[in-house]
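Q: My structure is stored as structure-v7.cif, with mmCIF, C-alpha atoms.
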data_entry
#
loop_
_atom_site.label_atom_id
_atom_site.label_comp_id
_atom_site.auth_asym_id
_atom_site.auth_seq_id
_atom_site.Cartn_x
_atom_site.Cartn_y
_atom_site.Cartn_z
CA MET A 1 -68.15 -13.95 -46.69
CA ASN A 2 -66.10 -10.96 -47.84
CA HIS A 3 -65.66 -8.38 -45.18
CA LEU A 4 -65.69 -4.61 -45.35
CA THR A 5 -62.60 -2.69 -46.44
CA GLN A 6 -61.05 -0.23 -44.06
CA GLU A 7 -62.18 2.54 -46.40
CA GLU A 8 -65.76 1.41 -45.93
CA ILE A 9 -65.42 1.21 -42.16
CA ASP A 10 -63.90 4.73 -42.23
CA GLY A 11 -66.60 5.98 -44.56
CA LEU A 12 -69.33 4.60 -42.35
CA SER A 13 -67.92 6.10 -39.17
CA ASP A 14 -67.21 9.54 -40.64
CA GLY A 15 -70.34 9.66 -42.81
CA SER A 16 -68.53 10.14 -46.12
CA LEU A 17 -70.21 7.27 -48.01
CA ASN A 18 -72.90 8.04 -50.56
CA PRO A 19 -76.41 6.91 -49.51
CA GLU A 20 -76.46 3.81 -51.72
CA HIS A 21 -73.03 2.60 -50.60
CA ARG A 22 -73.87 3.42 -47.03
CA ALA A 23 -77.02 1.30 -47.19
CA ARG A 24 -75.04 -1.69 -48.53
CA VAL A 25 -72.37 -1.30 -45.85
CA GLU A 26 -74.97 -0.99 -43.09
CA THR A 27 -76.72 -4.12 -44.32
CA HIS A 28 -73.41 -5.97 -44.19
CA VAL A 29 -72.61 -4.69 -40.71
CA ALA A 30 -76.02 -5.80 -39.48
CA ALA A 31 -75.32 -9.34 -40.69
CA CYS A 32 -71.59 -9.62 -39.89
CA ALA A 33 -70.56 -9.73 -36.25
CA ARG A 34 -66.86 -9.24 -36.99
CA CYS A 35 -67.31 -6.12 -39.14
CA ALA A 36 -69.79 -4.74 -36.60
CA ARG A 37 -67.18 -5.32 -33.93
CA GLU A 38 -64.45 -3.62 -35.98
CA LEU A 39 -66.70 -0.65 -36.55
CA ARG A 40 -67.45 -0.39 -32.84
CA LEU A 41 -63.77 -0.73 -31.96
CA GLN A 42 -62.88 2.06 -34.33
CA GLN A 43 -65.65 4.30 -33.04
CA ASN A 44 -64.62 3.70 -29.44
CA LEU A 45 -60.96 4.29 -30.18
CA GLY A 46 -61.84 7.49 -32.04
CA LYS A 47 -63.96 8.64 -29.13
CA ALA A 48 -61.13 7.91 -26.70
CA ILE A 49 -58.66 9.93 -28.79
CA ALA A 50 -61.06 12.84 -29.17
CA GLN A 51 -61.69 12.92 -25.42
CA LEU A 52 -58.02 13.11 -24.46
CA PRO A 53 -57.19 16.39 -22.72
CA LEU A 54 -55.71 19.08 -24.97
CA GLU A 55 -52.10 20.08 -24.48
CA LYS A 56 -51.92 23.40 -22.67
CA THR A 57 -49.54 26.23 -23.44
CA SER A 58 -47.76 27.99 -20.60
CA VAL A 59 -49.68 30.71 -18.74
CA GLU A 60 -47.60 33.52 -20.21
CA PHE A 61 -47.89 32.23 -23.78
CA THR A 62 -50.33 34.81 -25.15
CA GLY A 63 -48.72 37.73 -23.29
CA ARG A 64 -45.26 36.80 -24.57
CA LEU A 65 -46.58 36.38 -28.10
CA MET A 66 -48.42 39.71 -28.13
CA GLU A 67 -45.38 41.50 -26.74
CA ARG A 68 -43.28 39.94 -29.49
CA ILE A 69 -45.75 40.95 -32.19
CA LEU A 70 -46.40 44.49 -30.96
CA SER A 71 -42.72 45.23 -30.31
CA SER A 72 -41.77 43.97 -33.76
CA GLN A 73 -44.46 46.25 -35.22
CA LYS A 74 -43.06 49.19 -33.28
CA ALA A 75 -39.52 48.32 -34.34
CA THR A 76 -40.67 48.15 -37.93
CA VAL A 77 -42.18 51.64 -37.79
CA TRP A 78 -39.03 53.07 -36.20
CA SER A 79 -36.70 51.24 -38.52
CA ARG A 80 -38.70 52.51 -41.50
CA LEU A 81 -38.56 56.08 -40.23
CA LEU A 82 -34.86 55.74 -39.56
CA LEU A 83 -34.29 54.32 -42.99
CA HIS A 84 -36.21 57.13 -44.68
CA ALA A 85 -34.41 59.75 -42.60
CA GLY A 86 -31.13 58.12 -43.62
CA ASN A 87 -32.16 58.18 -47.28
CA VAL A 88 -33.15 61.84 -47.16
CA PHE A 89 -29.91 62.73 -45.43
CA ALA A 90 -27.87 60.76 -47.98
CA MET A 91 -29.68 62.42 -50.88
CA MET A 92 -29.14 65.87 -49.40
CA LEU A 93 -25.46 65.09 -48.90
CA VAL A 94 -25.09 63.92 -52.49
CA LEU A 95 -26.97 66.94 -53.82
CA GLY A 96 -24.87 69.25 -51.67
CA VAL A 97 -21.57 67.79 -52.83
CA ILE A 98 -22.60 67.88 -56.49
CA GLY A 99 -23.85 71.43 -56.12
CA TYR A 100 -20.69 72.57 -54.36
CA VAL A 101 -18.45 70.98 -57.01
CA LEU A 102 -20.44 72.35 -59.92
CA THR A 103 -20.75 75.90 -58.63
CA THR A 104 -17.21 76.40 -57.39
CA PRO A 105 -15.26 77.75 -60.39
CA LYS A 106 -11.82 77.19 -58.85
CA LEU A 107 -12.30 73.45 -58.85
CA PHE A 108 -12.33 73.37 -62.65
CA VAL A 109 -9.47 74.23 -64.96
CA LYS A 110 -10.83 76.60 -67.53
CA SER A 111 -10.03 75.80 -71.14
CA GLU A 112 -10.97 77.43 -74.43
CA GLN A 113 -12.83 74.38 -75.73
CA PRO A 114 -15.14 72.75 -73.15
CA SER A 115 -14.92 68.94 -73.05
CA ALA A 116 -17.89 66.61 -73.60
CA VAL A 117 -18.06 65.94 -69.86
CA THR A 118 -18.15 69.64 -69.08
CA LYS A 119 -20.92 70.09 -71.64
CA SER A 120 -22.98 67.28 -70.13
CA PHE A 121 -22.68 68.88 -66.71
CA LYS A 122 -23.82 72.23 -68.05
CA PRO A 123 -27.55 71.87 -67.18
CA PHE A 124 -26.71 70.70 -63.67
CA GLN A 125 -24.26 73.54 -63.30
CA GLN A 126 -26.96 75.94 -64.39
CA PHE A 127 -29.44 74.55 -61.86
CA TYR A 128 -26.98 74.75 -59.01
CA SER A 129 -25.90 78.26 -60.00
CA ASP A 130 -29.53 79.26 -59.91
CA ALA A 131 -29.94 77.54 -56.56
CA ARG A 132 -26.88 79.23 -55.09
CA SER A 133 -27.85 82.69 -56.31
CA PHE A 134 -31.42 82.17 -55.08
CA LEU A 135 -30.27 81.09 -51.63
CA THR A 136 -27.71 83.91 -51.47
CA SER A 137 -30.27 86.55 -52.43
CA ARG A 138 -32.81 85.03 -50.06
CA SER A 139 -30.43 85.06 -47.14
CA GLU A 140 -29.50 88.67 -47.95
CA GLN A 141 -33.18 89.59 -48.01
CA LEU A 142 -33.70 87.84 -44.68
CA ASN A 143 -30.68 89.61 -43.18
CA GLN A 144 -32.11 92.93 -44.30
CA GLY A 145 -35.56 92.00 -42.96
CA VAL A 146 -37.11 92.11 -46.43
CA LEU A 147 -39.21 89.15 -47.55
CA GLY A 148 -39.43 89.09 -51.32
CA THR A 149 -41.91 87.25 -53.49
CA SER A 150 -41.09 83.96 -55.18
CA SER A 151 -38.76 84.09 -58.14
CA PRO A 152 -38.21 81.85 -61.20
CA HIS A 153 -35.05 80.65 -59.42
CA ALA A 154 -37.13 79.18 -56.60
CA PHE A 155 -39.39 77.28 -58.96
CA ARG A 156 -36.49 75.81 -60.93
CA LEU A 157 -34.70 74.87 -57.74
CA LEU A 158 -37.72 73.10 -56.29
CA THR A 159 -38.43 71.26 -59.53
CA PHE A 160 -34.88 70.04 -59.82
CA ALA A 161 -34.74 68.99 -56.17
CA LEU A 162 -38.00 67.05 -56.52
CA ILE A 163 -36.92 65.29 -59.70
CA THR A 164 -33.59 64.37 -58.10
CA LEU A 165 -35.32 63.02 -55.01
CA VAL A 166 -37.71 60.89 -57.08
CA VAL A 167 -34.89 59.52 -59.25
CA LEU A 168 -32.68 58.70 -56.27
CA GLY A 169 -35.63 57.21 -54.37
CA ALA A 170 -36.54 54.98 -57.30
CA PHE A 171 -32.91 53.95 -57.70
CA ASP A 172 -32.77 53.06 -54.01
CA ARG A 173 -36.10 51.20 -54.08
CA TYR A 174 -35.67 49.19 -57.26
CA VAL A 175 -31.92 48.74 -57.57
CA ILE A 176 -30.10 49.05 -54.25
CA ARG A 177 -32.66 47.16 -52.14
CA ARG A 178 -33.09 44.47 -54.75
CA ILE A 179 -29.36 43.92 -54.86
CA MET A 180 -29.13 43.83 -51.09
CA HIS A 181 -32.34 41.76 -50.72
CA LEU A 182 -33.67 44.15 -48.14
CA LYS A 183 -37.19 43.37 -46.96
CA LEU A 184 -38.57 46.55 -45.53
CA MET B 1 -73.19 37.37 -29.62
CA GLU B 2 -69.59 36.17 -29.85
CA ASN B 3 -67.46 37.50 -32.66
CA THR B 4 -66.48 34.99 -35.30
CA ASP B 5 -62.82 34.42 -36.20
CA GLN B 6 -63.44 36.33 -39.41
CA ASP B 7 -64.84 39.33 -37.50
CA ILE B 8 -61.74 39.41 -35.33
CA VAL B 9 -59.46 39.14 -38.36
CA ARG B 10 -61.26 42.10 -39.95
CA SER B 11 -60.85 44.21 -36.81
CA ILE B 12 -57.12 43.35 -36.65
CA LEU B 13 -56.72 44.36 -40.27
CA ALA B 14 -58.54 47.60 -39.48
CA GLY B 15 -55.82 48.39 -36.93
CA GLU B 16 -57.06 46.73 -33.73
CA LYS B 17 -53.92 44.60 -33.36
CA ARG B 18 -54.55 43.64 -29.75
CA ALA B 19 -57.64 41.69 -30.82
CA TYR B 20 -55.23 39.04 -32.07
CA ALA B 21 -54.86 37.87 -28.45
CA GLU B 22 -58.47 36.69 -28.55
CA LEU B 23 -57.83 34.61 -31.66
CA VAL B 24 -54.71 33.16 -30.06
CA ASN B 25 -56.59 32.21 -26.91
CA ARG B 26 -59.29 30.52 -28.96
CA HIS B 27 -56.97 28.29 -30.91
CA LYS B 28 -53.77 27.90 -28.92
CA ASP B 29 -54.62 24.67 -27.07
CA ARG B 30 -55.72 22.72 -30.14
CA ALA B 31 -52.78 24.09 -32.10
CA MET B 32 -50.47 23.21 -29.20
CA THR B 33 -51.84 19.67 -29.22
CA LEU B 34 -50.94 19.34 -32.90
CA ALA B 35 -47.48 20.86 -32.38
CA TYR B 36 -46.78 18.69 -29.35
CA ARG B 37 -47.93 15.50 -31.06
CA MET B 38 -45.58 16.28 -33.94
CA LEU B 39 -42.53 17.47 -32.01
CA LYS B 40 -42.92 15.33 -28.86
CA ASN B 41 -41.38 18.03 -26.73
CA ARG B 42 -43.22 20.74 -24.83
CA GLU B 43 -40.61 23.51 -25.14
CA ASP B 44 -40.06 22.89 -28.87
CA ALA B 45 -43.82 22.76 -29.43
CA GLU B 46 -44.40 26.06 -27.62
CA GLU B 47 -41.59 27.79 -29.51
CA ALA B 48 -42.88 26.43 -32.81
CA LEU B 49 -46.35 27.65 -31.90
CA GLN B 50 -45.03 31.14 -31.11
CA ASP B 51 -43.37 31.23 -34.53
CA ALA B 52 -46.50 29.95 -36.20
CA PHE B 53 -48.70 32.59 -34.56
CA VAL B 54 -46.25 35.35 -35.51
CA ARG B 55 -46.22 34.10 -39.10
CA ALA B 56 -49.99 33.92 -39.11
CA PHE B 57 -50.21 37.48 -37.83
CA ASN B 58 -47.88 38.75 -40.54
CA ALA B 59 -49.80 36.81 -43.18
CA LEU B 60 -53.26 38.00 -42.02
CA PRO B 61 -53.60 40.51 -44.89
CA ARG B 62 -53.42 37.53 -47.25
CA PHE B 63 -56.02 35.49 -45.33
CA GLU B 64 -59.28 35.19 -47.20
CA CYS B 65 -62.05 35.80 -44.71
CA LYS B 66 -64.30 33.35 -46.57
CA SER B 67 -62.12 30.40 -45.53
CA ASN B 68 -61.80 28.72 -42.16
CA PHE B 69 -59.28 30.47 -39.91
CA SER B 70 -58.45 27.40 -37.85
CA THR B 71 -57.63 25.28 -40.91
CA TRP B 72 -55.46 28.10 -42.25
CA LEU B 73 -53.72 28.41 -38.88
CA TYR B 74 -53.14 24.66 -38.57
CA ARG B 75 -51.54 24.66 -42.01
CA ILE B 76 -49.01 27.20 -40.73
CA VAL B 77 -48.47 25.25 -37.49
CA TYR B 78 -48.05 22.02 -39.46
CA ASN B 79 -45.54 23.62 -41.83
CA VAL B 80 -43.49 25.17 -39.02
CA CYS B 81 -43.35 21.83 -37.18
CA ALA B 82 -42.63 19.89 -40.39
CA SER B 83 -39.79 22.24 -41.18
CA LEU B 84 -38.36 21.76 -37.68
CA LEU B 85 -38.67 18.00 -38.07
CA SER B 86 -37.01 18.03 -41.47
CA LYS B 87 -34.07 19.78 -39.83
CA LYS B 88 -34.00 16.83 -37.45
CA ARG B 89 -34.23 14.54 -40.50
CA GLU B 90 -37.55 12.98 -39.61
CA GLU B 91 -39.55 12.16 -42.72
CA ILE B 92 -42.97 13.80 -42.55
CA HIS B 93 -43.82 14.41 -46.16
CA TYR B 94 -45.68 12.32 -48.66
CA SER B 95 -44.13 9.02 -49.58
CA LEU B 96 -45.42 6.72 -52.30
CA ASP B 97 -45.81 3.58 -50.26
CA ASP B 98 -48.40 5.34 -48.10
CA ALA B 99 -50.73 5.82 -51.03
CA GLU B 100 -50.21 2.55 -52.79
CA GLN B 101 -51.77 0.33 -50.20
CA ASN B 102 -55.30 -0.34 -49.18
CA TYR B 103 -56.44 -2.44 -46.33
CA ARG B 104 -58.99 -5.09 -45.54
CA ILE B 105 -60.04 -6.44 -42.22
CA ALA B 106 -58.57 -9.87 -41.69
CA PRO B 107 -60.15 -12.51 -39.46
CA SER B 108 -59.66 -11.80 -35.82
CA SER B 109 -59.22 -14.42 -33.15
CA THR B 110 -59.47 -12.04 -30.24
CA GLU B 111 -62.48 -11.32 -28.10
CA GLU B 112 -64.15 -7.96 -28.05
CA LEU B 113 -63.23 -5.55 -25.31
CA PRO B 114 -66.23 -4.54 -23.23
CA ASP B 115 -67.17 -0.94 -24.13
CA VAL B 116 -66.79 0.19 -20.56
CA GLN B 117 -63.02 -0.34 -20.76
CA PHE B 118 -62.69 2.46 -23.33
CA GLU B 119 -63.99 4.86 -20.70
CA SER B 120 -61.46 3.91 -18.05
CA GLY B 121 -58.71 6.30 -16.98
CA GLU B 122 -56.15 3.56 -17.45
CA PHE B 123 -57.19 3.08 -21.07
CA ARG B 124 -57.09 6.81 -21.80
CA GLN B 125 -53.67 7.09 -20.24
CA ALA B 126 -52.49 4.22 -22.42
CA VAL B 127 -53.96 5.85 -25.55
CA GLN B 128 -52.19 9.11 -24.70
CA GLU B 129 -48.86 7.37 -24.22
CA GLU B 130 -49.16 5.33 -27.39
CA ILE B 131 -50.08 8.38 -29.47
CA ASP B 132 -46.98 10.09 -28.08
CA ARG B 133 -44.95 7.13 -29.33
CA LEU B 134 -46.27 7.35 -32.89
CA SER B 135 -44.05 9.18 -35.35
CA ALA B 136 -45.08 12.70 -36.35
CA LYS B 137 -46.49 11.75 -39.72
CA TYR B 138 -49.05 9.45 -38.09
CA SER B 139 -49.78 11.31 -34.88
CA SER B 140 -50.35 14.58 -36.78
CA VAL B 141 -53.00 13.08 -39.06
CA LEU B 142 -54.63 11.31 -36.14
CA THR B 143 -54.75 14.55 -34.15
CA MET B 144 -56.19 16.54 -37.02
CA PHE B 145 -58.88 13.94 -37.62
CA TYR B 146 -59.99 13.31 -34.05
CA VAL B 147 -58.96 16.41 -32.07
CA GLN B 148 -59.32 19.16 -34.65
CA GLU B 149 -62.26 17.21 -36.11
CA MET B 150 -61.09 17.87 -39.66
CA GLY B 151 -62.40 15.97 -42.64
CA TYR B 152 -60.17 14.40 -45.27
CA GLU B 153 -60.39 17.48 -47.49
CA GLU B 154 -59.24 19.77 -44.72
CA ILE B 155 -56.35 17.48 -43.78
CA MET B 156 -55.34 17.44 -47.44
CA GLY B 157 -55.42 21.24 -47.41
CA VAL B 158 -53.28 21.45 -44.27
CA THR B 159 -50.69 18.82 -45.16
CA GLY B 160 -50.68 19.11 -48.94
CA MET B 161 -50.94 15.32 -49.19
CA PRO B 162 -53.23 13.52 -51.63
CA LEU B 163 -56.41 11.82 -50.39
CA GLY B 164 -54.96 8.30 -50.65
CA THR B 165 -52.02 9.24 -48.45
CA VAL B 166 -54.22 10.90 -45.85
CA LYS B 167 -56.45 7.83 -45.63
CA ALA B 168 -53.52 5.43 -45.59
CA ARG B 169 -51.75 7.33 -42.83
CA LEU B 170 -54.89 7.49 -40.78
CA PHE B 171 -55.36 3.77 -41.22
CA ARG B 172 -51.77 3.00 -40.28
CA ALA B 173 -51.95 5.29 -37.28
CA ARG B 174 -55.06 3.50 -36.02
CA THR B 175 -53.54 0.10 -36.70
CA MET B 176 -50.33 0.91 -34.88
CA LEU B 177 -52.31 2.33 -32.01
CA ARG B 178 -54.48 -0.75 -31.81
CA ASP B 179 -51.44 -3.03 -32.02
CA ALA B 180 -49.76 -1.18 -29.20
CA LEU B 181 -52.89 -1.03 -27.07
CA GLY B 182 -53.60 -4.66 -27.86
CA SER B 183 -50.25 -5.77 -26.51
CA ARG B 184 -50.73 -3.59 -23.44
CA PHE B 185 -54.14 -5.04 -22.72
CA GLN B 186 -53.01 -8.64 -23.26
CA GLY B 187 -54.20 -9.00 -26.80
CA GLU B 188 -57.78 -8.24 -25.97
CA MET B 189 -58.05 -5.65 -28.71
CA ALA B 190 -57.92 -6.70 -32.33
CA GLY B 191 -54.64 -4.94 -32.83
CA ALA B 192 -53.24 -7.52 -35.19
CA ALA B 193 -56.51 -8.03 -36.92
CA MET B 194 -55.91 -5.64 -39.77
CA ARG B 195 -53.46 -6.40 -42.52
CA PRO B 196 -52.51 -4.39 -45.60
CA ILE B 197 -53.65 -5.97 -48.82
CA SER B 198 -53.29 -5.01 -52.45
CA LEU B 199 -55.55 -2.33 -53.91
CA HIS B 200 -56.59 -4.76 -56.67
CA LYS B 201 -58.40 -7.02 -54.24
CA LYS B 202 -60.70 -4.26 -53.09
CA GLU B 203 -63.49 -5.06 -55.55
CA ASN B 204 -64.24 -8.28 -53.65
CA ALA B 205 -65.60 -6.25 -50.80
CA ILE B 206 -69.02 -7.13 -49.41
#
Go ahead and express the file in the form of C-alpha cells.

A:
Amino acid sequence: MNHLTQEEIDGLSDGSLNPEHRARVETHVAACARCARELRLQQNLGKAIAQLPLEKTSVEFTGRLMERILSSQKATVWSRLLLHAGNVFAMMLVLGVIGYVLTTPKLFVKSEQPSAVTKSFKPFQQFYSDARSFLTSRSEQLNQGVLGTSSPHAFRLLTFALITLVVLGAFDRYVIRRIMHLKL
Amino acid sequence: MENTDQDIVRSILAGEKRAYAELVNRHKDRAMTLAYRMLKNREDAEEALQDAFVRAFNALPRFECKSNFSTWLYRIVYNVCASLLSKKREEIHYSLDDAEQNYRIAPSSTEELPDVQFESGEFRQAVQEEIDRLSAKYSSVLTMFYVQEMGYEEIMGVTGMPLGTVKARLFRARTMLRDALGSRFQGEMAGAAMRPISLHKKENAI
C-alpha cells in the first residue's frame, strides 16, 4: 500500500486540501494505521508547540520604546525648525552681502564702457538700490514719527526677496540635500 | 467593544501617537517569540524587536489598513532579525535545495507514544529546548505556523519565500524536531520515520 505524502498529511491537518482530495486522504487514513498514527503524531506535536509559553519582553520594554519614539519625534521637529532657521539666516546673509556689494559704489572701479558682468548685475543692482533707498527713507520717516503709505519700492523689494527665497529654497531642497543625501 | 488594530493605526495617524503603546502591548510577546527563536538570545531579540517596532511606527503611513497588522509587523520583525543573522553569516534566505525535495512517510518500526505523554511538562520542556536548537530558518517557520497561527500564504508574505520552500522548511523543522525528541525519548517517537524522496515519486501516493 502506498502511504500518504507529507504534503497530504500537512494538508489534512491544516485543512488546505480541496474537498475531493480531502475525502480520499481521509479514506486512506481510516484504513491505514501507520498514516493515521503519523497524522496523530503531527497533530500532537503541533499542539505541543502551539501551547509552549510565549517569550516575554522585559517589563520596561513598551515604556522604553515609546520614549524612544516620542523623543525622536520631538528631536525631528526641533531639528527641522533649526534647519529652517539656519536656512533663513543663510539666505538673509547671502542677500545682505550681495546687496551691500552691489549698492556700495566704492567697491567698483568705474569705467566708461561697462563690462558684460557689470551689465548682468544691473537688474540686481537696481533692486538693491531700490531696497536701500526704501529702507533709508522708511527709517527716516520712523525717526521723524511719520508713517508713510506703501511705495513702489516696497512692492519691488518684497517681490525680489520672495523670488530669491523661493529660488534658494528650491536649490537647497533639490540640489544641496540630494548631493548630501540628507533625509529630513 | 475593543478597538481593532486598524482602528488604533488610524488614531495614531490622526496624531494620537501614544496609542501605539496599545498596539505594542498586543503584539510584543508573539513578536518576541519569533525574534527569540531566530536570534537565540534574549538581549539581541529584545533589541531587534525595539528596532522593528520603531521601523513599524515610522512606516505606519504606508500601512494599508485593509491588510493584517500582525502579518505586516512580523514581516518587519523577520527582516530585522534576518538582517542581524546575515551579519553573523547565518543563512536564512531561500535556498534551492529546500524547494526541490518532497517527502513521503517511510515505514516506521517504532511504537506509538501514548497521547498523554504529549501533555507532560517534561515533554513540553524537551520541545522547547529542541526548538531552541533548530537553526533560525527552521525555527522561524515553525513559530510562524504554530505560534502565530499563520497559513502558508501569510508565511510566504512575511519571508518572501515561495510556497515549496515554506512547506519544505516546515517539513524539515518537524522532522528534525521529531528526530531530536525521538532520541530523547528512547526512540519512542517516529523521528526517523520520514525520509526525503524525489518529487517525481509523488504521483504514487494513495

Q: Once the PyMOL selection byres ((chain B and resi 48) around 12) is applied to the coordinates I shared, what remains selected? I want it as a PyMOL selection string.

A: (chain A and resi 57+61+65) or (chain B and resi 28+31-36+38-47+49-55+74+76-85)

Q: Rounded to one decimal, what separation in Å do you get between atom CA of Gly157 of chain B and atom CA of Arg75 of chain B?

A: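 Interatomic distance, atom CA of Gly157 of chain B to atom CA of Arg75 of chain B: 7.5 Å.
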
Q: Using the chain letters and numbering of this document, enumerate as a ChimeraX atom specification the residues selected by the PyMOL selection byres ((chain A) within 9 of (chain B)).

A: /A:1-7,10,14,24-25,28,34-35,37-38,40-42,44-52,54-58,61-66,68-70

Q: In Å, with one decimal, what is the gap from atom CA of Thr71 of chain B to atom CA of Thr159 of chain B?

A: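 Separation of atom CA of Thr71 of chain B and atom CA of Thr159 of chain B: 10.4 Å.
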
Q: Can you pull out the residues contacting His21 of chain A? Cut-off 10 Å, using all atoms listed in the file, and skip same-chain residues under 5 positions away; I want them as a PyMOL selection string.

A: chain A and resi 8+11-12+16+26-27

Q: Residues of the last selection are to be written out with C-alpha atoms, as a PDB file, keeping the file's coordinate frame.

A:
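Saved the output as part_8.pdb:
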ATOM      1  CA  GLU A   8     -65.760   1.410 -45.930  1.00  0.00           C
ATOM      2  CA  GLY A  11     -66.600   5.980 -44.560  1.00  0.00           C
ATOM      3  CA  LEU A  12     -69.330   4.600 -42.350  1.00  0.00           C
ATOM      4  CA  SER A  16     -68.530  10.140 -46.120  1.00  0.00           C
ATOM      5  CA  GLU A  26     -74.970  -0.990 -43.090  1.00  0.00           C
ATOM      6  CA  THR A  27     -76.720  -4.120 -44.320  1.00  0.00           C
TER       7      THR A  27
END

Q: Between B:Arg62, B:Lys88, B:Ala126, B:Ser70, which has the minimum distance to Ile155 of chain B (counting only C-alpha atoms)?

A: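 Nearest candidate to Ile155 of chain B out of B:Arg62, B:Lys88, B:Ala126, B:Ser70: B:Ser70.
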
Q: Record the distance separating atom CA of Gly99 of chain A and atom CA of Leu158 of chain A, expressed in Å with one decimal.

A: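 Distance reported for this atom pair: 14.0 Å.
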
Q: Which neighbours of Val88 of chain A fall inside 10 Å, counting only C-alpha atoms, when residues of the same chain fewer than 6 positions from it are skipped, and could you give them as a PyMOL selection string?

A: chain A and resi 82+94+165+168-169

Q: May I have the residues within 10 Å of Met91 of chain A as a ChimeraX atom specification, using all atoms listed in the file and disregarding those fewer than 4 positions away in the same chain?

A: /A:85-87,95-97,161,164-165,168-169
